[in-house]
>>> print(open('upload02.txt').read())   # compact mmCIF, C-alpha atoms
# COMPACT_ATOMS: atom_id res chain seq x y z
CA MET L 23 170.65 76.72 185.10
CA PRO L 24 169.50 73.10 185.42
CA PRO L 25 170.66 70.46 182.93
CA HIS L 26 168.47 70.37 179.86
CA ALA L 27 168.73 68.59 176.55
CA THR L 28 172.07 67.19 175.53
CA ALA L 29 171.57 66.12 171.95
CA ARG L 30 172.79 67.51 168.67
CA VAL L 31 170.32 68.39 165.97
CA PRO L 32 170.50 66.70 162.57
CA GLY L 33 172.70 68.31 159.99
CA GLU L 34 175.07 70.05 162.40
CA PRO L 35 178.55 68.75 161.52
CA VAL L 36 180.26 69.22 164.88
CA ASN L 37 182.74 66.59 166.03
CA PRO L 38 182.91 65.83 169.76
CA GLY L 39 186.71 65.67 169.56
CA ARG L 40 187.42 62.17 168.35
CA PRO L 41 185.73 59.51 166.21
CA VAL L 42 183.42 57.11 168.02
CA GLY L 43 183.51 53.54 166.74
CA ILE L 44 180.10 51.97 166.11
CA ALA L 45 179.10 48.54 164.84
CA PHE L 46 175.76 47.12 163.72
CA THR L 47 174.23 43.81 164.64
CA GLY L 48 171.30 43.04 162.39
CA CYS L 49 171.43 44.29 158.80
CA GLY L 50 167.84 43.85 157.68
CA TYR L 51 165.26 46.22 156.25
CA ALA L 52 165.72 49.06 158.77
CA ALA L 53 169.51 49.08 158.49
CA ASP L 54 169.32 51.14 155.31
CA PHE L 55 167.49 53.90 157.19
CA TYR L 56 170.49 54.19 159.47
CA GLY L 57 173.21 53.77 156.89
CA ALA L 58 171.84 56.46 154.60
CA THR L 59 171.74 59.09 157.36
CA LEU L 60 175.05 58.33 159.15
CA PRO L 61 177.14 60.69 156.95
CA ASN L 62 175.38 63.61 158.67
CA TYR L 63 177.48 62.86 161.75
CA PRO L 64 181.21 62.81 160.96
CA TRP L 65 182.17 61.71 164.47
CA LEU L 66 180.60 58.30 163.78
CA ASP L 67 183.14 55.73 162.60
CA VAL L 68 181.41 52.62 161.23
CA ARG L 69 183.70 49.74 162.18
CA GLY L 70 181.56 46.97 160.73
CA ALA L 71 178.46 44.81 160.95
CA TYR L 72 177.23 41.33 161.79
CA ASP L 73 174.11 39.47 160.73
CA VAL L 74 173.17 35.81 160.96
CA ARG L 75 172.71 36.15 157.21
CA ALA L 76 176.23 36.97 156.08
CA ASP L 77 175.03 38.24 152.70
CA ARG L 78 173.13 41.05 154.42
CA ALA L 79 176.17 42.04 156.46
CA ARG L 80 178.28 42.04 153.29
CA SER L 81 175.84 44.25 151.39
CA PHE L 82 175.64 46.61 154.37
CA VAL L 83 179.40 47.17 154.66
CA ARG L 84 179.75 47.52 150.88
CA GLU L 85 177.25 50.36 151.04
CA TYR L 86 178.10 52.01 154.36
CA GLY L 87 181.64 50.98 155.36
CA GLY L 88 183.44 48.82 157.90
CA ARG L 89 184.05 45.10 157.83
CA VAL L 90 181.97 41.97 158.21
CA TYR L 91 182.29 40.25 161.60
CA SER L 92 182.15 36.47 161.47
CA SER L 93 180.19 36.33 164.74
CA PHE L 94 178.53 38.59 167.28
CA ASP L 95 181.25 37.62 169.75
CA GLU L 96 183.87 38.88 167.33
CA LEU L 97 182.04 42.20 167.10
CA LEU L 98 181.89 42.49 170.88
CA ALA L 99 185.59 41.68 171.17
CA ASP L 100 186.59 44.55 168.86
CA PRO L 101 188.21 47.18 171.13
CA THR L 102 187.60 49.93 168.54
CA VAL L 103 183.82 49.57 168.92
CA ALA L 104 182.34 51.81 171.61
CA VAL L 105 178.67 51.67 170.55
CA VAL L 106 176.67 48.67 169.37
CA VAL L 107 173.63 49.48 167.24
CA ASN L 108 171.10 46.70 167.83
CA LEU L 109 168.87 46.17 164.79
CA THR L 110 167.98 42.55 165.49
CA PRO L 111 164.35 41.35 165.63
CA VAL L 112 162.39 42.55 168.68
CA THR L 113 162.45 39.09 170.25
CA LEU L 114 166.26 39.34 170.39
CA HIS L 115 166.55 42.92 171.67
CA HIS L 116 166.90 41.94 175.32
CA SER L 117 169.48 39.18 174.92
CA THR L 118 171.53 41.06 172.32
CA THR L 119 171.62 44.32 174.26
CA LYS L 120 172.42 42.50 177.50
CA ALA L 121 175.37 40.75 175.89
CA ALA L 122 176.68 44.04 174.53
CA LEU L 123 176.39 45.77 177.91
CA LEU L 124 178.16 42.87 179.62
CA ALA L 125 180.93 43.30 177.04
CA GLY L 126 181.34 46.93 178.07
CA LYS L 127 179.65 48.52 175.04
CA HIS L 128 177.18 51.39 174.95
CA VAL L 129 174.01 50.35 173.11
CA TYR L 130 171.55 52.04 170.82
CA SER L 131 168.59 49.77 170.09
CA GLU L 132 165.88 49.83 167.50
CA LYS L 133 162.45 50.21 169.06
CA PRO L 134 161.30 48.91 171.40
CA LEU L 135 164.03 48.67 174.02
CA ALA L 136 162.74 45.17 174.81
CA ALA L 137 159.54 43.21 174.31
CA ARG L 138 158.67 43.30 178.04
CA LEU L 139 158.99 46.00 180.67
CA ASP L 140 160.82 43.77 183.14
CA GLU L 141 163.41 42.91 180.50
CA ALA L 142 163.90 46.56 179.60
CA SER L 143 164.15 47.53 183.27
CA GLU L 144 166.87 44.92 183.73
CA LEU L 145 168.82 46.44 180.84
CA VAL L 146 168.50 49.95 182.28
CA ARG L 147 169.77 48.76 185.67
CA LEU L 148 172.64 46.86 184.06
CA ALA L 149 173.71 49.88 182.02
CA ARG L 150 173.61 52.08 185.10
CA GLN L 151 175.62 49.59 187.17
CA ARG L 152 178.31 49.38 184.51
CA GLY L 153 178.46 53.09 183.77
CA LEU L 154 177.27 52.59 180.20
CA LEU L 155 174.78 54.46 178.03
CA LEU L 156 171.63 52.82 176.73
CA SER L 157 169.19 54.39 174.30
CA SER L 158 166.59 53.39 171.75
CA ALA L 159 164.67 54.58 168.73
CA PRO L 160 162.73 56.46 167.57
CA SER L 161 164.81 59.62 167.23
CA THR L 162 162.44 61.83 165.23
CA VAL L 163 162.59 64.40 168.06
CA PHE L 164 165.71 65.65 166.25
CA SER L 165 163.86 66.51 163.04
CA GLN L 166 163.32 70.03 161.77
CA SER L 167 159.59 69.62 162.37
CA ALA L 168 159.91 68.40 165.96
CA GLN L 169 162.46 71.02 166.93
CA THR L 170 160.40 73.82 165.43
CA LEU L 171 157.18 72.60 167.06
CA MET L 172 158.82 72.25 170.48
CA GLN L 173 160.34 75.72 170.37
CA ALA L 174 157.04 77.21 169.22
CA VAL L 175 155.19 75.63 172.15
CA ASP L 176 157.98 76.65 174.52
CA GLY L 177 157.84 80.20 173.15
CA GLY L 178 154.16 80.50 174.00
CA LEU L 179 152.87 80.97 170.46
CA VAL L 180 149.62 79.22 171.39
CA GLY L 181 149.63 80.17 175.06
CA ARG L 182 149.25 77.32 177.49
CA PRO L 183 148.80 73.92 175.80
CA ARG L 184 145.55 72.30 176.85
CA LEU L 185 144.96 69.43 174.46
CA VAL L 186 146.89 67.42 171.89
CA HIS L 187 145.64 65.18 169.09
CA ALA L 188 148.16 62.64 167.75
CA ALA L 189 147.82 59.88 165.18
CA LEU L 190 149.97 57.31 163.47
CA ASP L 191 147.46 55.43 161.35
CA MET L 192 149.25 53.81 158.43
CA GLY L 193 146.36 52.79 156.21
CA ALA L 194 144.99 49.26 155.78
CA LEU L 195 148.34 47.49 155.41
CA ALA L 196 146.77 44.06 154.98
CA PHE L 197 145.26 45.25 151.68
CA MET L 198 148.51 46.69 150.33
CA ALA L 199 151.31 45.14 148.26
CA TYR L 200 153.48 44.62 151.36
CA THR L 201 155.27 41.58 149.93
CA ASP L 202 156.76 43.87 147.27
CA TRP L 203 158.32 46.36 149.69
CA HIS L 204 162.11 46.33 149.78
CA SER L 205 164.83 48.54 151.25
CA ARG L 206 167.56 50.22 149.20
CA ARG L 207 169.70 47.04 149.37
CA GLY L 208 166.76 44.87 148.36
CA VAL L 209 165.88 43.51 151.82
CA PRO L 210 162.14 42.71 152.02
CA TRP L 211 159.93 44.37 154.64
CA PRO L 212 159.60 41.83 157.50
CA PHE L 213 155.82 42.06 157.61
CA GLU L 214 155.33 38.92 159.67
CA ASP L 215 157.52 40.24 162.50
CA GLU L 216 155.88 43.67 162.34
CA VAL L 217 152.34 42.29 162.42
CA ARG L 218 153.18 39.98 165.32
CA ASN L 219 154.70 42.91 167.23
CA GLY L 220 151.65 45.05 166.52
CA CYS L 221 150.96 48.60 165.47
CA VAL L 222 151.59 50.09 168.92
CA MET L 223 155.01 48.56 169.57
CA GLU L 224 156.11 49.44 166.04
CA HIS L 225 154.77 52.98 165.83
CA ALA L 226 153.51 54.58 169.06
CA GLY L 227 156.96 55.87 169.97
CA TYR L 228 157.04 58.22 166.99
CA GLN L 229 154.33 60.30 168.64
CA LEU L 230 155.02 59.57 172.31
CA SER L 231 158.64 60.72 172.10
CA TRP L 232 157.55 64.19 170.98
CA LEU L 233 154.69 64.39 173.47
CA VAL L 234 156.73 63.42 176.53
CA ALA L 235 159.50 65.83 175.54
CA MET L 236 156.96 68.65 175.35
CA PHE L 237 154.56 67.90 178.18
CA GLY L 238 156.42 65.65 180.61
CA PRO L 239 155.74 62.02 181.46
CA VAL L 240 152.35 60.39 181.09
CA VAL L 241 150.86 60.16 184.59
CA ARG L 242 147.38 58.82 183.84
CA MET L 243 145.92 57.07 180.83
CA ALA L 244 143.32 54.75 179.37
CA ALA L 245 143.50 52.72 176.17
CA HIS L 246 141.42 50.34 174.10
CA THR L 247 142.59 47.99 171.37
CA ALA L 248 140.89 45.96 168.65
CA SER L 249 141.83 43.37 166.03
CA LEU L 250 139.89 44.22 162.90
CA LEU L 251 141.89 42.80 159.97
CA ALA L 252 143.64 39.91 161.70
CA ASP L 253 142.37 37.36 159.19
CA GLU L 254 143.49 39.29 156.11
CA TRP L 255 147.25 38.56 156.20
CA SER L 256 148.40 36.08 153.58
CA THR L 257 150.79 33.92 155.63
CA LEU L 258 149.64 34.43 159.22
CA ASP L 259 146.87 32.92 161.28
CA ALA L 260 144.62 35.42 163.04
CA GLY L 261 145.89 34.20 166.42
CA GLU L 262 149.43 35.32 165.56
CA VAL L 263 148.40 38.89 164.77
CA ALA L 264 148.60 41.58 167.44
CA PRO L 265 145.79 44.15 167.70
CA ASP L 266 145.83 46.50 164.72
CA VAL L 267 144.06 49.48 166.33
CA SER L 268 144.80 51.28 169.60
CA LEU L 269 142.97 54.35 170.86
CA GLY L 270 144.32 56.09 173.93
CA PHE L 271 143.67 58.96 176.32
CA LEU L 272 146.79 60.44 177.91
CA GLU L 273 147.27 62.91 180.74
CA PHE L 274 150.72 64.47 181.01
CA ALA L 275 152.59 65.82 184.03
CA ASP L 276 152.05 69.47 183.06
CA GLY L 277 148.28 68.99 182.82
CA THR L 278 147.99 68.70 179.05
CA VAL L 279 145.65 65.92 177.95
CA GLY L 280 145.63 64.13 174.63
CA ARG L 281 144.11 61.51 172.43
CA ILE L 282 146.25 59.17 170.37
CA SER L 283 145.29 56.81 167.55
CA ILE L 284 147.72 54.12 166.40
CA GLY L 285 146.94 51.49 163.83
CA TRP L 286 147.02 50.03 160.38
CA VAL L 287 143.36 49.93 159.49
CA ALA L 288 142.23 53.55 159.08
CA PRO L 289 143.39 55.69 156.13
CA THR L 290 146.79 57.30 156.56
CA ASP L 291 146.88 59.97 159.26
CA GLN L 292 150.22 60.89 160.82
CA THR L 293 149.31 64.29 162.20
CA LEU L 294 150.07 66.03 165.47
CA THR L 295 148.11 69.06 166.67
CA VAL L 296 148.72 71.04 169.84
CA ILE L 297 145.71 73.07 170.97
CA GLY L 298 146.44 76.00 173.26
CA ASP L 299 144.34 78.81 174.65
CA LYS L 300 145.76 81.20 172.03
CA GLY L 301 145.65 78.97 168.95
CA THR L 302 146.94 75.73 167.46
CA LEU L 303 150.19 74.30 166.14
CA SER L 304 150.14 71.36 163.76
CA VAL L 305 152.43 69.03 161.83
CA GLY L 306 150.87 67.22 158.89
CA ASP L 307 153.15 64.16 158.91
CA VAL L 308 155.53 63.38 161.78
CA TRP L 309 157.33 60.84 159.56
CA GLN L 310 158.72 63.59 157.35
CA ALA L 311 161.68 65.37 158.92
CA SER L 312 160.97 68.65 157.13
CA GLU L 313 157.17 68.67 157.32
CA PRO L 314 155.98 72.26 157.83
CA VAL L 315 154.84 73.41 161.26
CA VAL L 316 151.67 75.47 160.92
CA LEU L 317 150.43 78.07 163.39
CA ARG L 318 146.84 79.28 163.58
CA ARG L 319 146.29 82.09 166.05
CA ARG L 320 143.09 82.64 167.99
CA VAL L 321 141.08 85.62 166.80
CA ASP L 322 137.94 87.30 168.08
CA THR L 323 134.63 86.15 166.60
CA ASN L 324 131.08 87.49 166.51
CA GLY L 325 127.75 85.79 166.86
CA LYS L 326 127.60 82.09 166.06
CA ASN L 327 130.86 81.93 164.12
CA HIS L 328 132.70 78.78 165.18
CA SER L 329 135.82 79.58 163.14
CA TYR L 330 137.89 81.21 165.85
CA LEU L 331 141.28 80.60 164.18
CA ALA L 332 143.16 82.88 161.81
CA PRO L 333 144.51 81.62 158.46
CA PRO L 334 147.49 79.24 158.76
CA GLU L 335 151.05 80.56 159.02
CA GLN L 336 154.01 78.31 158.21
CA LEU L 337 156.77 78.74 160.78
CA PRO L 338 160.42 78.97 159.72
CA PHE L 339 162.47 75.95 160.74
CA VAL L 340 164.73 76.56 163.73
CA VAL L 341 167.41 74.06 162.68
CA PRO L 342 168.92 73.23 159.29
CA ALA L 343 167.90 70.24 157.21
CA ALA L 344 170.05 67.14 157.26
CA GLU L 345 172.10 66.81 154.10
CA HIS L 346 171.97 63.00 153.87
CA ARG L 347 168.54 61.39 154.03
CA TYR L 348 166.74 58.14 153.39
CA VAL L 349 164.00 59.20 151.03
CA ASP L 350 161.38 56.57 150.33
CA THR L 351 157.95 56.54 151.93
CA HIS L 352 159.34 58.53 154.84
CA ASP L 353 162.19 60.82 155.82
CA LEU L 354 163.06 59.74 159.36
CA THR L 355 166.07 61.07 161.28
CA VAL L 356 167.13 57.60 162.42
CA GLY L 357 170.89 58.27 162.44
CA ALA L 358 170.44 61.18 164.85
CA GLY L 359 169.74 58.86 167.78
CA VAL L 360 172.99 56.94 167.28
CA ALA L 361 174.85 60.24 166.89
CA ASP L 362 173.28 61.56 170.09
CA LEU L 363 174.40 58.49 172.05
CA ALA L 364 177.90 58.46 170.56
CA TRP L 365 178.43 62.16 171.20
CA ALA L 366 177.20 61.75 174.79
CA ALA L 367 179.56 58.80 175.30
CA ALA L 368 182.50 60.87 174.03
CA GLU L 369 181.64 63.65 176.50
CA ASN L 370 180.69 61.33 179.38
CA ARG L 371 177.15 62.61 179.82
CA ARG L 372 173.57 61.47 179.38
CA PRO L 373 172.08 61.42 175.86
CA PHE L 374 168.80 63.19 175.23
CA LEU L 375 167.22 59.81 174.52
CA SER L 376 168.22 58.57 177.95
CA ALA L 377 167.58 55.05 179.22
CA ASP L 378 164.96 56.30 181.69
CA TYR L 379 163.19 58.28 178.97
CA CYS L 380 163.13 55.26 176.63
CA LEU L 381 161.89 53.03 179.45
CA HIS L 382 158.97 55.38 180.13
CA LEU L 383 158.04 55.44 176.44
CA LEU L 384 158.06 51.63 176.45
CA ASP L 385 155.91 51.51 179.58
CA VAL L 386 153.27 53.76 178.00
CA SER L 387 153.46 51.85 174.70
CA LEU L 388 152.87 48.52 176.45
CA ARG L 389 149.84 49.99 178.23
CA LEU L 390 148.49 51.25 174.90
CA ALA L 391 149.09 47.82 173.39
CA ALA L 392 147.30 46.07 176.27
CA GLY L 393 144.29 48.37 175.88
CA THR L 394 142.20 47.32 178.87
CA GLY L 395 139.87 50.29 178.49
CA VAL L 396 140.33 51.13 182.19
CA ALA L 397 141.95 54.35 183.38
CA GLU L 398 145.21 53.71 185.21
CA THR L 399 147.84 55.74 187.01
CA VAL L 400 151.31 55.52 185.48
CA THR L 401 154.10 55.40 188.04
CA VAL L 402 157.13 57.37 186.88
CA PRO L 403 160.26 56.26 188.76
CA ALA L 404 162.65 58.89 190.10
CA SER L 405 165.09 60.00 187.42
CA THR L 406 167.77 62.58 186.82
CA ASP L 407 166.34 63.12 183.34
CA GLU L 408 164.48 66.43 183.56
CA LYS L 409 161.94 65.32 180.98
CA LEU L 410 160.67 62.84 183.57
CA SER L 411 161.03 65.02 186.65
CA GLY L 412 158.09 65.62 188.94
CA ARG L 413 159.13 69.27 188.82
CA PHE L 414 158.26 69.43 185.14
CA THR L 415 156.95 72.88 184.19
CA ARG L 416 155.89 74.66 181.03
CA ARG L 417 159.54 75.19 180.11
CA LEU L 418 160.07 72.49 177.54
CA VAL L 419 163.05 70.20 177.25
CA THR L 420 163.77 70.03 173.55
CA ALA L 421 166.21 67.82 171.75
CA GLY L 422 168.18 70.66 170.24
CA GLN L 423 168.38 73.20 173.05
CA ARG L 424 169.93 74.18 176.37
CA HIS L 425 172.16 72.07 178.56
CA ALA L 426 174.63 72.69 181.34
CA HIS L 427 177.75 70.82 180.23
CA ARG L 428 179.00 72.29 176.94
CA SER L 429 182.15 73.32 175.25
CA SER L 430 182.49 77.02 174.53
CA THR L 431 181.50 76.61 170.88
CA ALA L 432 178.07 76.75 169.28
CA ASP L 433 175.06 75.40 171.11
CA LEU L 434 172.90 72.61 169.77
CA ALA L 435 170.97 74.78 167.33
CA GLY L 436 174.10 76.53 166.09
CA GLU L 437 173.87 79.53 168.40
CA LYS L 438 175.95 80.57 171.37
CA ARG L 439 174.99 79.13 174.72
CA ARG L 440 172.10 80.91 176.39
CA THR L 441 172.33 81.54 180.11
>>> encode(input="upload02.txt", output="structure tokens")
Amino acid sequence: MPPHATARVPGEPVNPGRPVGIAFTGCGYAADFYGATLPNYPWLDVRGAYDVRADRARSFVREYGGRVYSSFDELLADPTVAVVVNLTPVTLHHSTTKAALLAGKHVYSEKPLAARLDEASELVRLARQRGLLLSSAPSTVFSQSAQTLMQAVDGGLVGRPRLVHAALDMGALAFMAYTDWHSRRGVPWPFEDEVRNGCVMEHAGYQLSWLVAMFGPVVRMAAHTASLLADEWSTLDAGEVAPDVSLGFLEFADGTVGRISIGWVAPTDQTLTVIGDKGTLSVGDVWQASEPVVLRRRVDTNGKNHSYLAPPEQLPFVVPAAEHRYVDTHDLTVGAGVADLAWAAAENRRPFLSADYCLHLLDVSLRLAAGTGVAETVTVPASTDEKLSGRFTRRLVTAGQRHAHRSSTADLAGEKRRT
């Protein structure tokens, strides 16, 4: 049996054998998403945090544990820290992650892995040369919804997938009360950074990570972008604002094709629908970890009846819900990615969110963000990650299923290993 997924699903309290020390650099708005979900993974040992704003580091450790480091160098010098969680601004992702890798630390980064593909590629090479693990958000592939959808597609409930429709449209953010948004610790939403980064770099990965796990790497694509509300932000000039709409066509290695809409202009739409020759599978909101997965089977029709689908059926979840969650406008499984990396480091294997996988997601995201409107072939470098293999078939590689290097206990979904 070839190696498959190597990640643990959220809510499964299995310890890899010893605690894994982790430390955070950057304790801003997103840090609360992580802190709130870390108790789901008892093998994570929060050693501390650093932020250029010491008050944010102090509030983080008061809430989530560990100590405040006086400098990033002090964090890197701590021998009890195996994994650095990089939550710094995107412009610092490359330099911060590089410093951590050079210090001998595994790194889990907030999205994207880096602002440019060449910078991210350098980090992937450096990690490989030093025998270290490198991974990045998003980690929503570990949610109940994602796991259930992937297993349903893999189980053939809709036959062969032919088409997928994906969206992460967040509404017209420029018209909302975004200056009033704060995290649990009171940290304001960094809207200026987000708007400069753009809707694609902030959000495309939430859909792409599921799609590539199900259908293999993107091998051909076209995208178009537009800036429609660039002059509506209160403290930014239009020239500072990245495009706020991206529309893409994607062709995956297994032959499935898809359309993707990313933006913050259109009304909220965070749906994912897989259309197969025997029906459809849909998730109403990929930002909610326990959003129902709905199956509609194909049925025979007569005459000019265009309604060829049976009434919706809600599928039972295939994995348990996480006990500890960040419940606000979303329920994202952000801690699962750190847990996946730490568990992989403890067992000396590749995490499900491998460096190659994250690099491919970044490559596709950058192409969506560029939006030239011209179809282009996407080169997928050789990789040992089966999700990116040229031999990709209809057998899916899901985040909570089969792998070759296990202990003799429960498998990732709480069952015994299947052979």
>>> closest_residue(input="upload02.txt", among="L:Val241, L:Ala397, L:Ser167, L:Gly177", to="Gln336 in chain L", atoms="all atoms listed in the file")
L:Ser167
>>> atom_distance(input="upload02.txt", atom1="CA of Leu390 in chain L", atom2="CA of Leu171 in chain L")
24.3 Å
>>> atom_distance(input="upload02.txt", atom1="CA of Val316 in chain L", atom2="CA of Ala174 in chain L")
10.0 Å
>>> residues_around(input="upload02.txt", residues="range 208-225 of chain L", least_positions_apart="3", cutoff="8 Å", atoms="all atoms listed in the file", output="PDB file with C-alpha atoms, in the coordinates of the input")
ATOM      1  CA  GLY L  50     167.840  43.850 157.680  1.00  0.00           C
ATOM      2  CA  TYR L  51     165.260  46.220 156.250  1.00  0.00           C
ATOM      3  CA  PRO L 111     164.350  41.350 165.630  1.00  0.00           C
ATOM      4  CA  VAL L 112     162.390  42.550 168.680  1.00  0.00           C
ATOM      5  CA  LYS L 133     162.450  50.210 169.060  1.00  0.00           C
ATOM      6  CA  PRO L 134     161.300  48.910 171.400  1.00  0.00           C
ATOM      7  CA  LEU L 190     149.970  57.310 163.470  1.00  0.00           C
ATOM      8  CA  TYR L 200     153.480  44.620 151.360  1.00  0.00           C
ATOM      9  CA  THR L 201     155.270  41.580 149.930  1.00  0.00           C
ATOM     10  CA  ASP L 202     156.760  43.870 147.270  1.00  0.00           C
ATOM     11  CA  TRP L 203     158.320  46.360 149.690  1.00  0.00           C
ATOM     12  CA  HIS L 204     162.110  46.330 149.780  1.00  0.00           C
ATOM     13  CA  SER L 205     164.830  48.540 151.250  1.00  0.00           C
ATOM     14  CA  TYR L 228     157.040  58.220 166.990  1.00  0.00           C
ATOM     15  CA  GLN L 229     154.330  60.300 168.640  1.00  0.00           C
ATOM     16  CA  THR L 257     150.790  33.920 155.630  1.00  0.00           C
ATOM     17  CA  LEU L 258     149.640  34.430 159.220  1.00  0.00           C
ATOM     18  CA  GLU L 262     149.430  35.320 165.560  1.00  0.00           C
ATOM     19  CA  VAL L 263     148.400  38.890 164.770  1.00  0.00           C
ATOM     20  CA  ALA L 264     148.600  41.580 167.440  1.00  0.00           C
ATOM     21  CA  PRO L 265     145.790  44.150 167.700  1.00  0.00           C
ATOM     22  CA  ASP L 266     145.830  46.500 164.720  1.00  0.00           C
ATOM     23  CA  VAL L 267     144.060  49.480 166.330  1.00  0.00           C
ATOM     24  CA  SER L 268     144.800  51.280 169.600  1.00  0.00           C
ATOM     25  CA  ILE L 284     147.720  54.120 166.400  1.00  0.00           C
ATOM     26  CA  GLY L 285     146.940  51.490 163.830  1.00  0.00           C
ATOM     27  CA  TRP L 286     147.020  50.030 160.380  1.00  0.00           C
ATOM     28  CA  SER L 387     153.460  51.850 174.700  1.00  0.00           C
ATOM     29  CA  LEU L 388     152.870  48.520 176.450  1.00  0.00           C
ATOM     30  CA  LEU L 390     148.490  51.250 174.900  1.00  0.00           C
ATOM     31  CA  ALA L 391     149.090  47.820 173.390  1.00  0.00           C
TER      32      ALA L 391
END
>>> atom_distance(input="upload02.txt", atom1="CA of Arg319 in chain L", atom2="CA of Val180 in chain L")
6.9 Å
>>> closest_atom_pairs(input="upload02.txt", of="range 109-188 of chain L", to="range 305-314 of chain L", cutoff="9 Å", atoms="all atoms listed in the file", output="JSON lines")
{"residue": "L:Thr162", "atom": "CA", "partner": "L:Ala311", "partner_atom": "CA", "distance": 7.3}
{"residue": "L:Phe164", "atom": "CA", "partner": "L:Ala311", "partner_atom": "CA", "distance": 8.4}
{"residue": "L:Ser165", "atom": "CA", "partner": "L:Ala311", "partner_atom": "CA", "distance": 4.8}
{"residue": "L:Gln166", "atom": "CA", "partner": "L:Ser312", "partner_atom": "CA", "distance": 5.4}
{"residue": "L:Ser167", "atom": "CA", "partner": "L:Ser312", "partner_atom": "CA", "distance": 5.5}
{"residue": "L:Ala168", "atom": "CA", "partner": "L:Val308", "partner_atom": "CA", "distance": 7.9}
{"residue": "L:Thr170", "atom": "CA", "partner": "L:Pro314", "partner_atom": "CA", "distance": 8.9}
{"residue": "L:Leu171", "atom": "CA", "partner": "L:Val305", "partner_atom": "CA", "distance": 7.9}
>>> closest_residue(input="upload02.txt", among="L:Gly325, L:Gly153, L:Gly43, L:Pro239", to="Ala404 in chain L", atoms="only C-alpha atoms")
L:Pro239
>>> closest_residue(input="upload02.txt", among="L:Leu156, L:Ala188, L:Ala136, L:Leu233", to="Met172 in chain L", atoms="only C-alpha atoms")
L:Leu233
>>> decode(input="upload02.txt", residues="range 290-294 of chain L", atoms="all heavy atoms", output="CSV table (one decimal), in the first residue's frame")
chain,number,residue,atom,x,y,z
L,290,THR,N,-21.9,37.3,0.5
L,290,THR,CA,-21.2,36.2,1.0
L,290,THR,C,-21.7,34.9,0.3
L,290,THR,O,-22.8,34.5,0.2
L,290,THR,CB,-21.5,36.1,2.5
L,290,THR,OG1,-21.1,37.3,3.2
L,290,THR,CG2,-20.8,34.9,3.1
L,291,ASP,N,-20.7,34.1,-0.1
L,291,ASP,CA,-20.9,32.8,-0.8
L,291,ASP,C,-19.6,32.0,-0.5
L,291,ASP,O,-18.5,32.3,-1.1
L,291,ASP,CB,-21.1,33.0,-2.2
L,291,ASP,CG,-21.3,31.6,-3.0
L,291,ASP,OD1,-21.3,30.6,-2.3
L,291,ASP,OD2,-21.5,31.6,-4.2
L,292,GLN,N,-19.7,31.0,0.4
L,292,GLN,CA,-18.5,30.2,0.7
L,292,GLN,C,-18.8,28.7,0.5
L,292,GLN,O,-18.5,27.9,1.3
L,292,GLN,CB,-18.1,30.5,2.2
L,292,GLN,CG,-17.7,32.0,2.4
L,292,GLN,CD,-17.7,32.4,3.8
L,292,GLN,OE1,-17.5,33.6,4.1
L,292,GLN,NE2,-17.8,31.5,4.8
L,293,THR,N,-19.4,28.5,-0.6
L,293,THR,CA,-19.9,27.1,-0.9
L,293,THR,C,-18.9,26.3,-1.8
L,293,THR,O,-18.1,26.9,-2.5
L,293,THR,CB,-21.2,27.2,-1.7
L,293,THR,OG1,-21.1,28.0,-2.9
L,293,THR,CG2,-22.3,27.9,-0.9
L,294,LEU,N,-19.1,25.0,-1.7
L,294,LEU,CA,-18.3,24.1,-2.5
L,294,LEU,C,-19.2,23.0,-3.0
L,294,LEU,O,-19.9,22.4,-2.2
L,294,LEU,CB,-17.1,23.5,-1.7
L,294,LEU,CG,-16.3,22.4,-2.4
L,294,LEU,CD1,-15.7,23.0,-3.7
L,294,LEU,CD2,-15.2,21.9,-1.5
